[in-house]
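Q: Below is the structure I would like to discuss, written out as structure tokens.
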Amino acid sequence: MSMIAFKVNGRAMTLDVDPTTPLLYILTDDLALRGPKFGCGLGQCGSCTVIMKGQAVRSCVTPVSSAAGAEITTLEGLGSSEKPHPIQKAFVDEQAMQCGFCVNGVVMTAKAYLDRNPKASEADIRQAMGNVLCRCHAHPRMIRAINRYAKGAKA
């Protein structure tokens, strides 16, 4: 066990945990966050994505030790149902969710990408989103929502 200090959604914390434990388990089991989801467990689907150090990170394959000293943002850290983040509002406005399982990965990946590439074209966005799996066929609406957010962020 090791004491690991980091911030989650702006809240500083120090936990005594096995440093090899996947970050996802700490977020969901110890901190009761429900944005990141366990999907494939191999870092391939994206359901577990969080933003850490400005990058979209697959938390199911990221040991908690790599989060030491980092700022982590989960879907809950973006906004709330009362005051959604603009990217969350774009998803609601475009009705871009269906089953909701992949939405965490889509939103967090898109936000991290557009934070680093605010002038991205739709083709760039499509390519950046190509590694997040969605099986419910809401992908066209998700791309519209991401583009809506990107246009608003550029304005």
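For the structure tokens, the naming scheme is as follows: chains receive sequential letters (A, B, ...) according to their order of presentation, residues are indexed from 1 within each chain, and ligands are indexed from 1 in presentation order.
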Apply DSSP to the structure's backbone, then extract all residues of segment 92-127 of chain A labelled helix (DSSP H, G or I) and return them as a ChimeraX atom specification.

A: /A:92-93,103-116,122-127

Q: Go through chain A and collect every residue that DSSP, computed from the backbone, puts in strand (DSSP E); the answer should be as a ChimeraX atom specification.

A: /A:2-8,11-17,49-52,55-58,71-73

Q: Limited to C-alpha atoms, could you put the picked residues into a file as a compact mmCIF listing (two decimals), in the first residue's frame?

A:
```txt
# COMPACT_ATOMS: atom_id res chain seq x y z
CA SER A 2 1.11 3.56 -0.68
CA MET A 3 -0.17 7.01 0.09
CA ILE A 4 -1.05 8.66 -3.21
CA ALA A 5 -2.13 12.30 -3.41
CA PHE A 6 -4.01 13.76 -6.37
CA LYS A 7 -6.99 15.95 -7.20
CA VAL A 8 -10.26 14.69 -8.59
CA ARG A 11 -10.92 18.15 -4.70
CA ALA A 12 -7.54 17.24 -3.17
CA MET A 13 -7.25 13.81 -1.62
CA THR A 14 -4.72 11.34 -0.35
CA LEU A 15 -5.52 7.64 -0.39
CA ASP A 16 -3.68 4.63 0.96
CA VAL A 17 -3.97 2.20 -1.94
CA THR A 49 -11.88 7.80 -20.06
CA VAL A 50 -10.93 10.65 -17.73
CA ILE A 51 -8.89 13.78 -18.36
CA MET A 52 -5.55 13.70 -16.56
CA GLN A 55 -4.97 14.28 -21.84
CA ALA A 56 -7.75 11.76 -22.37
CA VAL A 57 -6.62 8.71 -20.35
CA ARG A 58 -8.11 5.22 -20.25
CA GLU A 71 -5.43 16.78 -11.59
CA ILE A 72 -8.09 14.36 -12.82
CA THR A 73 -11.42 15.40 -14.26
```

Q: Between atom CA of Ser59 of chain A and atom CA of Pro22 of chain A, what is the spacing in Å?

A: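 Atom CA of Ser59 of chain A lies at a distance of 6.5 Å from atom CA of Pro22 of chain A.
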
Q: Please determine, counting only C-alpha atoms, which residue among A:Gly100, A:Gln95, A:Gly35, A:Thr62 has the shortest atom-to-atom distance to Ser80 of chain A.

A: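 Of A:Gly100, A:Gln95, A:Gly35, A:Thr62, the one nearest Ser80 of chain A, counting only C-alpha atoms, is A:Gly35.
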
Q: With a distance cut-off of 8 Å and only C-alpha atoms, select the neighbouring residues of Tyr149 of chain A, excluding the residue or stretch itself and same-chain residues fewer than 6 positions from it, and output the selection as a PyMOL selection string.

A: chain A and resi 86-87+90

Q: Could you save the residues just selected, with all heavy atoms, as a PDB file, in the first residue's frame?

A:
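To be explicit, this is the file written out as result.pdb:
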```
ATOM      1  N   PRO A  86     -20.749  23.308 -21.387  1.00  0.00           N
ATOM      2  CA  PRO A  86     -21.222  23.481 -22.762  1.00  0.00           C
ATOM      3  C   PRO A  86     -21.154  22.216 -23.617  1.00  0.00           C
ATOM      4  O   PRO A  86     -22.039  22.000 -24.468  1.00  0.00           O
ATOM      5  CB  PRO A  86     -20.309  24.577 -23.321  1.00  0.00           C
ATOM      6  CG  PRO A  86     -19.948  25.395 -22.111  1.00  0.00           C
ATOM      7  CD  PRO A  86     -19.828  24.390 -20.987  1.00  0.00           C
ATOM      8  N   ILE A  87     -20.171  21.356 -23.414  1.00  0.00           N
ATOM      9  CA  ILE A  87     -20.139  20.127 -24.205  1.00  0.00           C
ATOM     10  C   ILE A  87     -21.275  19.192 -23.783  1.00  0.00           C
ATOM     11  O   ILE A  87     -21.890  18.525 -24.615  1.00  0.00           O
ATOM     12  CB  ILE A  87     -18.766  19.416 -24.175  1.00  0.00           C
ATOM     13  CG1 ILE A  87     -18.692  18.385 -25.307  1.00  0.00           C
ATOM     14  CG2 ILE A  87     -18.485  18.791 -22.821  1.00  0.00           C
ATOM     15  CD1 ILE A  87     -17.302  17.848 -25.575  1.00  0.00           C
ATOM     16  N   ALA A  90     -24.422  20.557 -25.361  1.00  0.00           N
ATOM     17  CA  ALA A  90     -24.468  20.229 -26.786  1.00  0.00           C
ATOM     18  C   ALA A  90     -24.969  18.801 -26.994  1.00  0.00           C
ATOM     19  O   ALA A  90     -25.754  18.539 -27.913  1.00  0.00           O
ATOM     20  CB  ALA A  90     -23.091  20.418 -27.420  1.00  0.00           C
TER      21      ALA A  90
END
```

Q: If you count only C-alpha atoms, which residues fall within 7 Å of segment 103-107 of chain A, apart from same-chain ones fewer than 4 positions away, as a PyMOL selection string?

A: chain A and resi 35-36+46-49+75+97+111+132

Q: How many Å lie between atom CA of Ala67 of chain A and atom CA of Gly79 of chain A, rounded to one decimal?

A: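 Atom-to-atom, atom CA of Ala67 of chain A to atom CA of Gly79 of chain A, that is 21.8 Å.
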
Q: Tell me which of A:Met142, A:Gly54, A:Asp18, A:Cys136 sits closest to Asn117 of chain A, counting only C-alpha atoms.

A: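 Under the stated criterion, the closest residue is A:Gly54.
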
Q: For Lys119 of chain A, which of A:Asn147, A:Gln88, A:Gln98, A:Ser65 is the closest residue, counting only C-alpha atoms?

A: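 Between A:Asn147, A:Gln88, A:Gln98, A:Ser65, the residue approaching Lys119 of chain A most closely is A:Asn147.
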
Q: Could you tell me which of A:Ala96, A:Ala128, A:Cys102, A:Val61 comes closest to Pro140 of chain A if we count only C-alpha atoms?

A: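 Among the listed residues, the smallest separation from Pro140 of chain A belongs to A:Ala96.
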
Q: In Å, with one decimal, what is the gap from atom CA of Lys151 of chain A to atom CA of Gly77 of chain A?

A: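 Computing the Euclidean distance for atom CA of Lys151 of chain A and atom CA of Gly77 of chain A yields 22.0 Å.
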
Q: I need the residue nearest Pro118 of chain A from this list: A:Gly10, A:Gly130, A:Gly39, A:Gly152. Use only C-alpha atoms for the distance.

A: A:Gly152

Q: Of the candidates A:Leu33, A:His139, A:Asn131, A:Leu23, which shows the shortest atom-to-atom distance to Asn9 of chain A, using only C-alpha atoms?

A: A:Leu33
